[in-house]
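Structure data follow from work-v3.txt (compact mmCIF, C-alpha atoms):
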```
# COMPACT_ATOMS: atom_id res chain seq x y z
CA MET A 83 0.00 0.00 0.00
CA ALA A 84 1.25 3.50 -0.86
CA LYS A 85 2.55 5.44 2.12
CA LEU A 86 0.73 8.71 2.71
CA THR A 87 2.99 11.71 3.32
CA THR A 88 2.32 15.42 3.79
CA ASP A 89 3.92 18.49 2.32
CA PHE A 90 6.07 20.63 4.61
CA ILE A 91 3.77 21.99 7.31
CA LYS A 92 4.65 24.72 9.78
CA VAL A 93 4.95 23.28 13.29
CA ALA A 94 6.71 26.05 15.26
CA GLN A 95 7.93 29.62 15.04
CA VAL A 96 10.38 31.74 17.00
CA GLY A 97 9.20 34.09 19.68
CA PRO A 98 7.55 34.09 23.08
CA ALA A 99 5.19 31.32 24.11
CA ALA A 100 1.94 31.80 26.02
CA ASP A 101 3.61 31.13 29.37
CA GLY A 102 6.36 33.66 28.79
CA ARG A 103 9.00 31.23 27.55
CA THR A 104 10.72 31.76 24.23
CA ILE A 105 11.31 29.52 21.24
CA HIS A 106 14.80 30.36 19.97
CA GLU A 107 15.78 30.56 16.34
CA GLU A 108 18.94 28.58 17.12
CA TRP A 109 16.78 25.65 18.30
CA LEU A 110 14.84 25.54 15.06
CA ARG A 111 17.98 25.77 12.93
CA GLU A 112 19.74 22.98 14.82
CA MET A 113 16.67 20.73 14.75
CA ALA A 114 16.36 21.13 10.98
CA GLU A 115 20.09 20.51 10.45
CA SER A 116 20.49 17.57 12.84
CA TYR A 117 17.26 15.69 12.29
CA ASN A 118 17.85 12.23 10.84
CA PRO A 119 15.22 9.44 11.14
CA ALA A 120 18.01 6.87 10.86
CA THR A 121 19.49 8.25 14.08
CA TYR A 122 16.25 8.84 15.97
CA THR A 123 12.74 9.07 14.53
CA ALA A 124 10.42 11.61 16.08
CA MET A 125 6.92 10.17 16.30
CA LEU A 126 3.56 11.94 16.42
CA TRP A 127 1.90 11.47 19.82
CA PRO A 128 -1.66 12.34 20.90
CA GLU A 129 -1.29 15.07 23.52
CA HIS A 130 2.33 13.84 24.01
CA CYS A 131 0.99 10.63 25.58
CA ARG A 132 2.87 7.42 24.78
CA TRP A 133 0.40 4.86 26.08
CA PHE A 134 -2.23 5.35 23.33
CA GLY A 135 0.08 4.47 20.45
CA ASN A 136 1.60 6.85 17.90
CA LEU A 137 -0.18 8.74 15.12
CA GLY A 138 2.64 8.71 12.57
CA GLU A 139 6.30 9.62 12.09
CA VAL A 140 8.28 12.73 11.15
CA LEU A 141 10.18 12.25 7.90
CA GLU A 142 12.01 15.53 7.39
CA LEU A 143 12.49 19.02 8.87
CA ARG A 144 13.21 22.37 7.30
CA ALA A 145 13.75 25.80 8.86
CA GLY A 146 13.22 29.22 7.33
CA PRO A 147 10.91 32.23 7.19
CA ASP A 148 7.19 31.72 6.64
CA GLU A 149 4.99 33.84 4.39
CA ALA A 150 4.97 36.60 6.98
CA GLY A 151 8.76 36.52 7.31
CA VAL A 152 8.76 34.84 10.76
CA PHE A 153 11.49 32.24 11.17
CA SER A 154 9.73 28.89 11.54
CA LEU A 155 10.19 25.14 11.59
CA PHE A 156 8.45 23.02 8.96
CA ALA A 157 7.94 19.27 9.09
CA ARG A 158 6.99 16.67 6.54
CA PHE A 159 5.56 13.54 8.12
CA ALA A 160 3.66 10.32 7.44
CA PRO A 161 0.36 10.12 9.35
CA ASN A 162 -1.09 6.67 9.97
CA ALA A 163 -4.72 5.51 9.84
CA ALA A 164 -5.31 6.44 13.48
CA MET A 165 -4.16 10.00 12.76
CA LEU A 166 -6.52 10.28 9.80
CA ASP A 167 -9.46 9.06 11.89
CA TYR A 168 -8.47 11.40 14.70
CA ASN A 169 -8.29 14.41 12.41
CA ALA A 170 -11.51 13.49 10.57
CA ALA A 171 -13.30 13.63 13.93
CA GLY A 172 -12.09 17.20 14.41
CA GLN A 173 -9.50 16.24 17.01
CA GLY A 174 -5.79 17.07 17.20
CA LEU A 175 -5.83 20.24 15.10
CA PHE A 176 -2.59 21.70 16.43
CA TYR A 177 1.05 20.69 16.79
CA SER A 178 3.42 20.81 19.75
CA ILE A 179 7.16 20.29 19.28
CA GLU A 180 9.21 18.31 21.79
CA VAL A 181 12.63 19.97 22.06
CA SER A 182 15.63 18.03 23.40
CA GLU A 183 18.59 20.29 24.07
CA ASN A 184 22.04 18.69 23.92
CA PHE A 185 20.50 15.57 22.43
CA ALA A 186 22.63 12.47 23.13
CA ASP A 187 25.49 14.73 24.32
CA SER A 188 25.79 16.12 20.81
CA GLY A 189 25.58 19.74 21.89
CA LYS A 190 22.74 20.19 19.39
CA THR A 191 19.01 20.64 19.83
CA TYR A 192 16.94 17.80 18.39
CA LEU A 193 13.24 17.25 17.69
CA SER A 194 12.45 14.18 19.81
CA GLY A 195 8.71 14.14 19.18
CA LEU A 196 5.76 16.01 17.76
CA GLY A 197 2.57 16.27 19.79
CA VAL A 198 -0.86 16.36 18.17
CA THR A 199 -2.99 18.50 20.44
CA ASP A 200 -6.23 20.44 20.80
CA SER A 201 -4.52 23.35 22.56
CA PRO A 202 -4.81 26.18 20.00
CA ALA A 203 -2.52 29.17 19.66
CA SER A 204 -3.74 32.25 21.49
CA LEU A 205 -3.89 35.45 19.41
CA GLY A 206 -1.31 34.04 17.03
CA MET A 207 1.12 33.29 19.86
CA PRO A 208 2.41 29.76 20.47
CA SER A 209 0.88 28.02 23.47
CA THR A 210 3.08 25.80 25.59
CA ARG A 211 2.75 22.23 26.78
CA PHE A 212 5.16 20.29 28.95
CA THR A 213 5.75 16.59 29.41
CA ALA A 214 7.09 14.75 32.42
CA GLN A 215 10.12 13.66 30.43
CA LYS A 216 13.46 15.03 31.52
CA ASP A 217 14.98 17.92 29.55
CA ILE A 218 12.15 18.01 26.99
CA ASN A 219 10.08 21.15 26.41
CA CYS A 220 6.90 21.21 24.33
CA PHE A 221 5.80 24.20 22.28
CA SER A 222 2.70 24.35 20.09
CA ASN A 223 1.50 26.97 17.71
CA VAL A 224 -0.09 26.69 14.28
CA PRO A 225 -3.27 24.85 13.31
CA PHE A 226 -3.15 21.51 11.60
CA ALA A 227 -3.29 21.56 7.80
CA PRO A 228 -6.11 19.28 6.56
CA ILE A 229 -5.05 15.99 5.01
CA LYS A 230 -6.93 14.11 2.33
CA PRO A 231 -5.94 10.45 2.59
CA GLU A 232 -5.20 8.63 -0.64
CA ASP A 233 -5.02 5.11 0.76
CA LYS A 234 -6.72 4.98 4.12
CA ASP A 235 -6.60 1.76 6.09
CA ASP A 236 -9.89 0.37 7.31
CA ALA A 237 -8.51 0.37 10.84
CA PRO A 238 -10.48 1.90 13.73
CA GLY A 239 -9.33 5.14 15.33
CA TRP A 240 -7.16 4.90 18.40
CA PHE A 241 -10.00 6.25 20.53
CA LYS A 242 -12.21 3.36 19.35
CA ARG A 243 -9.48 0.84 20.09
CA PHE A 244 -8.82 2.06 23.62
CA PHE A 245 -12.28 3.37 24.58
CA PRO A 246 -14.80 1.02 22.91
CA GLN A 247 -17.37 1.73 25.63
CA PHE A 248 -18.04 5.17 24.11
CA PHE A 249 -18.91 3.80 20.69
CA ASN A 250 -21.51 1.51 19.11
CA LYS A 251 -21.97 -1.54 21.29
CA THR A 252 -22.87 -3.70 18.30
CA GLU A 253 -19.44 -3.22 16.72
CA GLY A 254 -17.43 -6.37 17.20
CA ALA A 255 -20.14 -7.85 19.46
CA ALA A 256 -19.71 -11.48 20.38
CA PRO A 257 -22.04 -13.79 18.40
CA GLU A 258 -24.98 -15.29 20.23
CA ALA A 259 -24.65 -18.89 21.23
CA ALA A 260 -26.66 -21.17 18.98
CA PRO A 261 -29.36 -23.16 20.76
CA ASN A 262 -28.49 -26.76 21.50
CA PRO A 263 -30.28 -28.95 18.96
CA LYS A 264 -32.55 -31.66 20.32
CA LYS A 265 -30.77 -34.98 20.34
CA GLU A 266 -32.21 -37.35 17.75
CA PRO A 267 -32.96 -40.90 18.91
CA ASN A 268 -30.78 -43.76 17.73
CA MET A 269 -32.80 -45.38 14.92
CA GLU A 270 -31.13 -48.76 15.25
CA GLU A 271 -31.92 -48.85 18.95
CA LEU A 272 -35.52 -47.81 18.25
CA GLU A 273 -35.94 -50.51 15.59
CA ALA A 274 -34.66 -53.14 18.03
CA ARG A 275 -37.12 -52.00 20.68
CA VAL A 276 -40.07 -52.11 18.27
CA THR A 277 -39.07 -55.59 17.11
CA ALA A 278 -38.99 -56.78 20.72
CA VAL A 279 -42.45 -55.27 21.29
CA GLU A 280 -43.83 -57.05 18.22
CA GLU A 281 -42.47 -60.38 19.46
CA THR A 282 -44.03 -59.79 22.88
CA VAL A 283 -47.37 -58.90 21.29
CA ALA A 284 -47.31 -62.08 19.21
CA ALA A 285 -46.61 -64.21 22.29
CA LEU A 286 -49.42 -62.49 24.20
CA ALA A 287 -51.83 -63.02 21.34
CA GLU A 288 -51.00 -66.73 21.33
CA GLN A 289 -51.58 -66.95 25.09
CA VAL A 290 -54.87 -65.05 24.84
CA GLY A 291 -56.04 -67.43 22.12
CA GLY A 292 -55.29 -70.43 24.35
CA PHE A 293 -57.08 -68.90 27.30
CA GLU A 294 -60.12 -68.04 25.21
CA GLY A 295 -60.32 -71.68 24.05
CA ARG A 296 -60.16 -72.93 27.62
CA LEU A 297 -62.79 -70.40 28.69
CA ALA A 298 -65.17 -71.54 25.98
CA ALA A 299 -64.75 -75.17 27.08
CA LEU A 300 -65.40 -74.26 30.69
CA GLU A 301 -68.50 -72.29 29.79
CA VAL A 302 -69.89 -75.32 27.92
CA ASP A 303 -69.08 -77.59 30.88
CA VAL A 304 -70.77 -75.24 33.33
CA ALA A 305 -73.85 -74.93 31.14
CA ALA A 306 -74.12 -78.74 31.03
CA GLY A 307 -74.17 -78.84 34.83
CA GLY A 308 -70.52 -79.63 35.42
CA SER A 309 -68.18 -77.96 37.89
CA GLY A 310 -65.96 -76.51 35.13
CA ASP A 311 -62.80 -77.48 37.00
CA ALA A 312 -61.62 -80.14 39.38
CA SER A 313 -61.08 -77.48 42.04
CA GLY A 314 -64.36 -75.61 41.50
CA GLY A 315 -65.72 -74.34 38.18
CA ASP A 316 -66.95 -70.90 39.17
CA PHE A 317 -63.69 -69.97 40.83
CA ALA A 318 -61.59 -71.16 37.87
CA VAL A 319 -63.74 -69.33 35.33
CA LYS A 320 -63.56 -66.05 37.23
CA ALA A 321 -59.80 -66.33 37.72
CA LEU A 322 -59.26 -67.11 34.04
CA ALA A 323 -61.45 -64.19 33.00
CA ARG A 324 -59.41 -61.83 35.14
CA GLN A 325 -56.18 -63.09 33.54
CA ILE A 326 -57.59 -62.65 30.04
CA GLY A 327 -58.76 -59.10 30.82
CA ALA A 328 -55.32 -58.15 32.13
CA LEU A 329 -53.62 -59.62 29.06
CA ARG A 330 -55.95 -57.75 26.73
CA ASN A 331 -55.17 -54.44 28.48
CA GLU A 332 -51.44 -55.13 28.23
CA PHE A 333 -51.82 -56.02 24.57
CA ARG A 334 -53.59 -52.74 23.82
CA GLN A 335 -50.88 -50.74 25.61
CA VAL A 336 -48.04 -52.46 23.75
CA ALA A 337 -49.82 -52.22 20.40
CA SER A 338 -50.13 -48.44 20.81
CA VAL A 339 -46.32 -47.98 20.51
CA ALA A 340 -45.58 -46.29 17.14
CA ARG A 341 -42.90 -47.43 14.77
CA PRO A 342 -40.22 -44.95 13.62
CA GLY A 343 -41.44 -42.55 10.95
CA THR A 344 -45.15 -42.89 11.78
CA THR A 345 -45.41 -39.48 13.48
CA ALA A 346 -44.54 -36.10 12.05
CA PRO A 347 -41.50 -34.45 13.67
CA LYS A 348 -42.03 -31.35 15.76
CA THR A 349 -41.05 -28.16 13.96
CA LEU A 350 -38.09 -26.22 15.36
CA GLY A 351 -39.07 -22.95 13.65
CA ALA A 352 -37.20 -20.99 11.00
CA ALA A 353 -33.47 -21.68 10.68
CA ARG A 354 -31.26 -19.04 12.32
CA LYS A 355 -29.19 -16.96 9.90
CA PRO A 356 -25.44 -17.15 10.53
CA LEU A 357 -23.94 -14.18 12.23
CA LEU A 358 -21.48 -12.54 9.94
```

If you convert what's in this file into structure tokens, what do you get?
Amino acid sequence: MAKLTTDFIKVAQVGPAADGRTIHEEWLREMAESYNPATYTAMLWPEHCRWFGNLGEVLELRAGPDEAGVFSLFARFAPNAAMLDYNAAGQGLFYSIEVSENFADSGKTYLSGLGVTDSPASLGMPSTRFTAQKDINCFSNVPFAPIKPEDKDDAPGWFKRFFPQFFNKTEGAAPEAAPNPKKEPNMEELEARVTAVEETVAALAEQVGGFEGRLAALEVDVAAGGSGDASGGDFAVKALARQIGALRNEFRQVASVARPGTTAPKTLGAARKPLL
């Protein structure tokens, strides 16, 4: 992907700052002369904070008078996708230089970083920001020149990455857990059970047929004046009738068991669309 770079943009000018300090022309000259990304690359930082991640890198510096003749420092840098998102949201419209005097014992002033800030210049005068870093002063002045990205990454802004609670909750939401499908019965096991039921029903039918034959014979014997059984006809007939009635009830219960495929399956509703 092509790397987006800016033209030279004014990032500082000589003169007093809002707090009474002064940006010296010698600083700006030395920073422009000594700056070398191969030695140390000055990064763009949101409000000079390091823990949010950088917003780009400074590629080149140049010092000289601006259109009004004020000696100034100009920077050409490469903003990243987070910087473009940040600026598109109307944030970080000003710059703040981080000045390191006697950088690495060189005796020269060096640009160690460039802050992207919302602290505007007051009445054309540079406002001042300080960091907690040793021997580094921060000066900000001119407004940010708008950038039109040519190849913008589809990456979220750094605010979205670090503060997702302030943005759309549906972005990156975890997919809902799919409902557990109902476990289907084992068809082989069901077939075996039905076969066993059929065999039991056949055996019961055979027994019922035998009992009905014996009952008919007893009824004939009783009608002819016999006892119906050596141990007492009436008692035997009643006992046999009770057994036959119980067998018939059992037969009806077993016969009511359905074979696989005889009942329509319960509907589970419309299929859930996959979460994309």

ask   = If you measure from CA of Val152 in chain A to CA of Asn169 in chain A, what distance in Å do you get, rounded to one decimal?
value = 26.7 Å

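Note that the spacing between CA of Pro128 in chain A and CA of Val198 in chain A amounts to 4.9 Å.
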
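Here CA of Met165 in chain A stands at a distance of 27.4 Å from CA of Glu183 in chain A.
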
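Neighbouring residues of Glu107 in chain A at 7 Å or closer, counting all atoms listed in the file and skipping chain neighbours under 2 positions away, are Val96, Ile105, Trp109, Leu110, Arg111 and Phe153 of chain A.
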
I'd like the box whose edges run along x, y and z of the file and which contains every listed atom of range 154-171 of chain A, padded by 6 Å per side; could you state its centre and edge lengths in Å, one decimal, as lines of an AutoDock Vina configuration file?
```
center_x = -1.6
center_y = 17.2
center_z = 10.6
size_x = 35.5
size_y = 35.4
size_z = 20.2
```
